[in-house]
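S.K.: Sending over a structure as C-alpha cells; questions will come in a sec.
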Amino acid sequence: MSLWADKYRPKDLDDLDFHHENTRRLKAMAKTGEFPHILIYGPPGAGKKTRVLATLKQLYGSGVEKLKVDIKSFALPSGRKLEFNVISSPFHLEITPSDMGNNDRIVIQDLLKEIAQVESIDFSKIAHVAAYDEAKDKLIPKKRFKVVVINEAELLTRDAQAALRRTMEKYSANIRLILICNSTSNIIDPIKSRTLPIRIAAPKPAECSQVLDSILAKENHAKKVFPDSLEDRIPIFEKICIASNRNLRMCIMMMEAMYMNNDTIDVTTPALIPDWIEVIKGISVSICKDRSVSQLQQTRSALYELLSHSIPAKLILKRLTLSIWSSLIFLDLPSRSLIQRQIVSASSIFDERLSLGSKDIFHLEGFVTRVMVIIEKELIC
Amino acid sequence: MGSLLQFNFSSSLLAGNANPAIPFDNGLAGDGHKVAVLSSGKTTTLKPRIRKTDTYEPERDNTELINIHRLLSKIEIEEKVAEKSSELVPKKLENKFKKTSFKLWTEKYRPSSFLDLIGNERTNRIILQWINQWNQVVFNKSCTETDDIYNRPDKRILLIHGPPGIGKTSIAHVIAKQLDYEVREINASDERAGVVVQDKIKNAMKNNSLTGKPVCLILDEVDGATENGFINVLVDLVNKDRRDTASIGLDGRKKQEKSILRRPIIALCNDVYSPVLEKLRPLCDTIAFRKSHSRLIKSKLKKICERENIVTEDRVLDAIIESTEGDLRNCINFLQFNSAATTLDLDSSSKDTQIGWFVQLDNILMRSAKVSKQEQFRKVFQSLSASAQVDRVASGCFNVLLDTDADVEKLSEISDWLYFQDAMSSRFNFFEAQDLSFYQSVAPMAVFQRLNEIRHASEKKYNYRSRDTFFEVKKQTTEVLQRLKHNNSLSNRWRFANREQLVGYELPLLNTILVPDVSFRQIEMVGAGTKLKRITELIRAYSLRIDVTKNEYGSIDAHFRPALNLFTRLSIKQQQIMGRLHKELLADYIREQETKQIERKRKGPDPLDKKPAKKATFGSSVEYFKNKCKESSGQSDNNNSKHQDAGLSDDQNEAQADYRIWVKYHEGFSNAVRREITWNGLFII
C-alpha cells in the first residue's frame with residue numbers, strides 16, 4: 001500500500017506521460033548500451049528521478065529494482081567516523097552526498113573510487129560471459145559500467161565537485177554518473193562540460209490534468225467523488241496544478257488529500273495548502289497593512305515558529321517575497337512596479353546573507369524590516 | 001593491672017605449695033581490705049574493687065518513651081542560648097566562620113527535604129507518586145493498582161529532563177531520601193562501559209545497602225553517555241524485565257524471576273532528544289522539568305542572602321536571574337563569588353574585565369549617568385573587544401531590539417550590522433581566523449550608537465520565552481527528520497528527498513491524507529470503509545504509530561511516532577480522529593493476532609496427520625510409528641522389514657499411498673557409529 005504518487009509512478013520509459021521527445025532520446029541512448037555522464041536538471045516534481053530510474057531499467061532490465069540499503073562508514077582525517085546511506089542494486093547506486101554537509105568530498109572520493117576500482121575486475125568477466133551468452137539466447141547484454149546516481153547535486157560543495165572532476169574522466173570505463181539537481185547554477189563549469197545536460201521542465205497544466213485524470217480512472221472509489229464529466233474535472237485539476245506549482249508529485253498528493261478530506265469535490269472546493277504557506281501569507285498581508293515595531297514583534301514570533309518546524313530559511317524568504325509581491329495590491333501605491341523591483345533586490349541581498357551567515361532569524365527579520373522601510377518611503381513620497 | 005595478675009598468680013602458687021605459712025583468712029582486714037603477702041615477702045593491702053554502677057536515667061528505664069516535657073524544656077533552653085549567642089556574637093564572627101569552613105554554596109544550600117524544593121510543585125508530586133508506585137515491590141506496602149502484578153509503574157524508568165541548574169539532581173535525591181531509599185548515583189564521572197555498569201546496576205538492584213535501606217538508582221547525565229554499552233544495558237534490563245513479568249502473568253506460577261526490576265531507576269538528562277537516548281526514550285516515563293518561576297528563585301536567593309548577610313537590592317537579584325536564564329545553581333554561584341564585598345550591585349561586577357554578556361548588553365542599551373557618552377562608548381568598546389562573548393551580546397541585542405523604542409528605519413540599519421557580525425562570526429568559526437574577532441565587536445557598537453539612551457532598569461524586559469520554545473521545538477523536529485530518514489520502511493523515498501520538498505510539501509500533505517479534517521463518521525461510512533482502510537494501511541506502510549495520552553485538561557492528545565504532526569497544526573477534530581484511528585489500529589492489530597493464532601492452531605496438528613515426519617526425534621518417532629503400526633496391518637510390517645535401515649512405504653492406506661516415510665535413527669549421541677537395526681528391534685524397547 002502506498003500513496004498514489006508512488007503507486008502510479010511509471011516504471012518504464014514507455015509509461016512516461018509527457019516530454020516524449022526526451023523520452024525517445026533517452027530510450028535510443030539506452031538501447032545502444034552506452035551513454036555519457038548525464039546532468040539532469042529541472043524543477044522538483046517534474047519527473048527527473050522517475051526518468052532516471054526508467055532509463056536504468058531499460059538499460060539493465062528489472063534487476064535495478066532490487067534495491068537494498070547499505071550504511072557505509074567513512075573515516076575522516078580527524079579520526080571521526082561518518083555513516084552514510086547508500087541505496088544500491090547490482091547495477092547502480094544512489095547517494096545523496098549533501099547529507100554529509102562539508103564532508104561530502106570524502107564521500108565522493110572514497111566511495112566512487114572504491115566502486116570504480118573494485119567493480120572493474122569482476123564486471124569485465126561478467127561482460128565477457130554475457131557477450132558469450134548473447135550469441136545463444138538474447139540476454140540483455142551486461143554493461144561494463146556501473147551507474148552512480150547523485151541526488152541534489154547542486155548542494156555539493158566546491159571541493160566535492162572538484163573531486164568529481166577527475167574521477168569522471170579517469171574511471172569513465174567503469175562508472176557513469178547521473179547528477180540530479182534543480183538548477184545548474186551551482187554546478188561548476190568543468191562538470192557541466194563533462195556531462196550531457198538534459199532539462200526536464202515542469203509539466204504543463206494540461207499534461208498534469210491528463211495524469212491526474214488517468215489516476216482517477218484507476219481509482220474507482222475516488223472517481224465517484226469527483227465530477228462525472230471531464231469538462232468539470234479540468235478546472236479542479238488546474239486549480240490543484242496552480243496550488244502545487246506544477247509539481248506533479250505534489251499535484252497527485254494534493255488530489256489524494258482532497259479526496260480524503262471531502263465527500264464531493266467541485267470547483268469551489270479549496271485546495272489544501274500546507275499550513276506554513278498560510279502563515280507566510282498572513283505575515284505578508286499584515287506587513288503591508290501595518291508597518292510598526294509591534295507588527296515586527298508579531299512577525300518575529302511567527303518566523304521563529306516557522307524556523308522551529310525545520311522549514312528552510314531560504315524557502316521562507318522566497319515564499320515571503322512572492323506573497324508580499326502579490327499582497328502589495330492592498331496598498332494604494334503610486335508606482336507598484338518600482339517597489340516590487342526594490343523588494344526583489346532586497347530579497348536577493350538577504351538571500352545571500354542567509355547563505356553567508358548562520359543566524360537565520362536575523363536575516364529573515366532584517367528582510368521584513370527592510371520591506372517595511374521600502375514601503376514606508378514610497379508612501380511618504 | 002599487671003601487678004594484680006602477678007599477685008594472683010603468685011598467691012595461687014603459694015596455695016599450690018600447700019604451705020600455710022600465711023593463712024588466707026588472716027589477710028581479711030577490717031573494712032573489706034585484704035592483706036596479702038607476696039612471694040617476695042612484701043605485704044600489700046588490696047582494696048576491694050568498687051564496682052562502677054551505671055546510674056540509669058529514669059527515662060531510659062521506661063523503654064523508649066521520651067518525656068516530652070523534658071524535651072520541651074530542652075528546646076526552650078536551647079532557644080534561649082541561641083538568642084543570647086545571636087545577640088552577643090557580632091557579625092565578625094560569622095565572617096570568620098565563612099573563611100574557615102569554605103563550602104560551595106550550591107552544595108550548602110542544596111535542598112535537603114521535600115519542602116525545601118522550590119517551584120515545579122506539580123512535577124515534584126508526579127515524581128513522588130512515581131516512586132511511591134514501587135512501594136509494593138520494595139517495602140511490601142500497598143499502593144495504587146496498575147496493570148503490573150507488582151503494581152509497579154507501567155514504564156520502569158523515570159527520565160527527567162530539563163536545562164542545567166534547575167534542580168533535577170536535587171529533586172531526585174531529595175525524593176529518594178524522603179521515601180527512605182538509599183541513593184546510589186551513577187554519573188558521567190563514573191566508568192560507564194557496558195560490563196562495568198551492568199555489575200554496578202545489578203548490585204544496586206539486588207542488594208540492600210549497609211544501612212538496610214533499599215537502593216534507588218539515580219543515573220545522572222545519561223545523555224552524556226558516550227559509551228554505547230551503557231544505554232544498551234539499560235534497554236536490556238527493561239526488556240528482560242518486561243519479558244519475565246509477562247511470563248509470570250501468563251504461567252501463573254513463579255518462575256525464577258531472575259531479572260525483574262525491584263528498585264526504582266531515575267535517569268536524568270539535559271537533552272532528551274539526543275541521539276544517544278533514542279532507544280531508551282520509549283521505555284521511559286519522561287518528565288520535563290521546567291525552570292522555576294523567577295519569583296520563587298528570587299525568594300530563595302533572598303533567603304540565602306539573609307543567611308549570608310549580603311545586602312542586595314531586588315533589582316540586582318532580578319538581573320542575576322535574568323542573566324542566568326533561571327539557572328538557580330548559576331545564580332547561587334554568582335552570589336557566592338560576588339559577595340566578597342557583602343553588598344552587591346551591578347557596578348561592582350562590571351569593573352571586571354571579564355563581565356557577563358548581560359552586563360555588557362545593559363551597558364550598550366543604558367546610558368550611564370556617570371560618564372559622558374563618548375567615554376562610555378570607549379569603555380564598552382574596550383570591554384567588548386576583549387570579550388569572547390560577542391556572539392551572545394549580539395544575540396542579546398537582537399532579542400531586546402524590539403522592546404526598545406527604535407523605529408523601523410533604525411532597526412533596518414541595525415539589521416545590516418547584525419548581518420555583518422553574523423558573517424564575521426561564521427567565518428571566524430570556520431577558519432579560526434583570530435584577526436576577524438576584533439571586527440565582530442563593531443556590530444554591537446552600532447547598536448550602542450543608535451539605541452544608547454537613558455532609561456530605567458525596570459523598563460527593560462527580556463523576552464526569552466519565544467526563543468526557548470523555539471530551540472525546544474527545533475530539536476524535536478530535527479530529531480523527527482533524522483528518524484524519518486533512517487526509517488526502514490516503504491518510505492525509502494524520504495531517505496533521499498530534498499529537505500525543502502519534504503518539509504514544505506510532502507509531510508504536511510501526507511498528514512492531511514492520513515488525518516482528514518472531517519468527522520470520523522464521515523471517513524468510516526464513505527464507501528463502506530474504503531477510506532478508513534486506506535488510512536490504516538498507509539499508516540502501517542509508513543510504519544507509523546499513534547500514541548494517545550490525556551492532557552491536563554482531560555481531552556485527548558494524540559501523536560504520531562515519529563511525530564509527523566509537528567509539521568502541521570491539527571484541529572481538534574483531527575485530534576479526535578487520531579484518537580479513533582488509534583483504536584482502529586489497535587483493533588486491527590488484535591484481529592491480526594487472533595487470526596494468526598487460529599491459523600497456528602489449525603496448522604499445529606497438521607504435520608502429524610498428513611506430512612511424513614522427515615526428521616523425527618527418537619521418542620516421538622517411536623510413538624508415531626506405533627500409531628502407524630496399529631493402523632496398518634501385518635502387510636506393511638513385512639514391507640517395513642525390507643527397508644530396514646530407514647524406509648517405510650505405506651501402500652495399504654489409499655490416502656497415504658504415495659507417502660514414503662523416512663526415519664533417521666541416531667543410535668546414542670553421535671551417528672559416527674552405524675549399526676543396522678531391525679524394525680522389530682526398534683519397537684521392543
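All residue names refer to the C-alpha cells as shown: chains lettered A, B, ... in order, residues numbered from 1 in each chain, ligands numbered from 1 in order.
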Taking only C-alpha atoms into account, which residues of chain B are within 8 Å of chain A, as a PyMOL selection string?
M.R.: chain B and resi 398+402+406-409+411-412+415-416+418-419+422-423+426+466-467+470-471+473-474+477-478+490+496+498-501+503-506+508-510+512-513+516-518+523+526-527+530-531+537-538+541+566-569
S.K.: Just want the 10 Å neighbourhood of Asp327 (chain B), counted on only C-alpha atoms, with same-chain residues fewer than 3 positions away dropped. Output as a PDB file with N, CA and C atoms, in the first residue's frame.
M.R.:
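The resulting selection-v8.pdb:
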ATOM      1  N   PRO B 163      16.788  21.907  31.386  1.00  0.00           N
ATOM      2  CA  PRO B 163      18.052  22.647  31.298  1.00  0.00           C
ATOM      3  C   PRO B 163      18.879  22.496  32.571  1.00  0.00           C
ATOM      4  N   PRO B 164      20.162  22.777  32.493  1.00  0.00           N
ATOM      5  CA  PRO B 164      21.018  22.574  33.656  1.00  0.00           C
ATOM      6  C   PRO B 164      20.722  23.559  34.784  1.00  0.00           C
ATOM      7  N   GLY B 165      21.020  23.126  35.966  1.00  0.00           N
ATOM      8  CA  GLY B 165      20.995  24.037  37.105  1.00  0.00           C
ATOM      9  C   GLY B 165      19.628  24.366  37.641  1.00  0.00           C
ATOM     10  N   ILE B 166      18.629  23.539  37.398  1.00  0.00           N
ATOM     11  CA  ILE B 166      17.315  23.871  37.928  1.00  0.00           C
ATOM     12  C   ILE B 166      16.868  22.848  38.953  1.00  0.00           C
ATOM     13  N   GLY B 167      17.760  21.939  39.303  1.00  0.00           N
ATOM     14  CA  GLY B 167      17.462  21.067  40.430  1.00  0.00           C
ATOM     15  C   GLY B 167      16.989  19.677  40.083  1.00  0.00           C
ATOM     16  N   LYS B 291      12.011  25.313  34.338  1.00  0.00           N
ATOM     17  CA  LYS B 291      12.618  26.278  35.241  1.00  0.00           C
ATOM     18  C   LYS B 291      11.584  26.740  36.253  1.00  0.00           C
ATOM     19  N   SER B 292      12.054  27.026  37.447  1.00  0.00           N
ATOM     20  CA  SER B 292      11.133  27.561  38.429  1.00  0.00           C
ATOM     21  C   SER B 292      10.817  28.999  38.048  1.00  0.00           C
ATOM     22  N   SER B 294      10.657  32.875  38.214  1.00  0.00           N
ATOM     23  CA  SER B 294      11.729  33.744  38.695  1.00  0.00           C
ATOM     24  C   SER B 294      11.401  34.312  40.079  1.00  0.00           C
ATOM     25  N   ILE B 297      12.615  31.790  42.541  1.00  0.00           N
ATOM     26  CA  ILE B 297      14.075  31.794  42.605  1.00  0.00           C
ATOM     27  C   ILE B 297      14.535  32.993  43.409  1.00  0.00           C
ATOM     28  N   ILE B 320      20.429  39.160  38.007  1.00  0.00           N
ATOM     29  CA  ILE B 320      21.163  37.890  38.070  1.00  0.00           C
ATOM     30  C   ILE B 320      20.314  36.767  37.486  1.00  0.00           C
ATOM     31  N   ILE B 321      19.062  36.751  37.913  1.00  0.00           N
ATOM     32  CA  ILE B 321      18.194  35.667  37.456  1.00  0.00           C
ATOM     33  C   ILE B 321      18.006  35.731  35.949  1.00  0.00           C
ATOM     34  N   GLU B 322      17.808  36.935  35.472  1.00  0.00           N
ATOM     35  CA  GLU B 322      17.608  37.075  34.037  1.00  0.00           C
ATOM     36  C   GLU B 322      18.828  36.614  33.259  1.00  0.00           C
ATOM     37  N   SER B 323      19.978  37.027  33.771  1.00  0.00           N
ATOM     38  CA  SER B 323      21.193  36.740  33.004  1.00  0.00           C
ATOM     39  C   SER B 323      21.492  35.250  32.980  1.00  0.00           C
ATOM     40  N   THR B 324      21.124  34.561  34.056  1.00  0.00           N
ATOM     41  CA  THR B 324      21.418  33.137  34.061  1.00  0.00           C
ATOM     42  C   THR B 324      20.276  32.343  33.460  1.00  0.00           C
ATOM     43  N   ASN B 330      23.553  28.479  38.926  1.00  0.00           N
ATOM     44  CA  ASN B 330      24.392  29.567  38.446  1.00  0.00           C
ATOM     45  C   ASN B 330      24.172  30.823  39.279  1.00  0.00           C
ATOM     46  N   CYS B 331      22.924  31.082  39.623  1.00  0.00           N
ATOM     47  CA  CYS B 331      22.598  32.254  40.430  1.00  0.00           C
ATOM     48  C   CYS B 331      23.338  32.201  41.758  1.00  0.00           C
ATOM     49  N   ILE B 332      23.283  31.033  42.392  1.00  0.00           N
ATOM     50  CA  ILE B 332      23.901  30.917  43.706  1.00  0.00           C
ATOM     51  C   ILE B 332      25.411  31.073  43.592  1.00  0.00           C
TER      52      ILE B 332
END
S.K.: Report the residues of region 66-211 of chain A whose backbone DSSP state falls under strand (DSSP E), written as JSON, numbers by chain.
M.R.: {"A": [68, 69, 70, 71, 72, 73, 74, 75, 81, 82, 83, 84, 85, 86, 87, 88, 92, 93, 94, 95, 146, 147, 148, 149, 150, 175, 176, 177, 178, 179, 180, 181, 196, 197, 198, 199]}
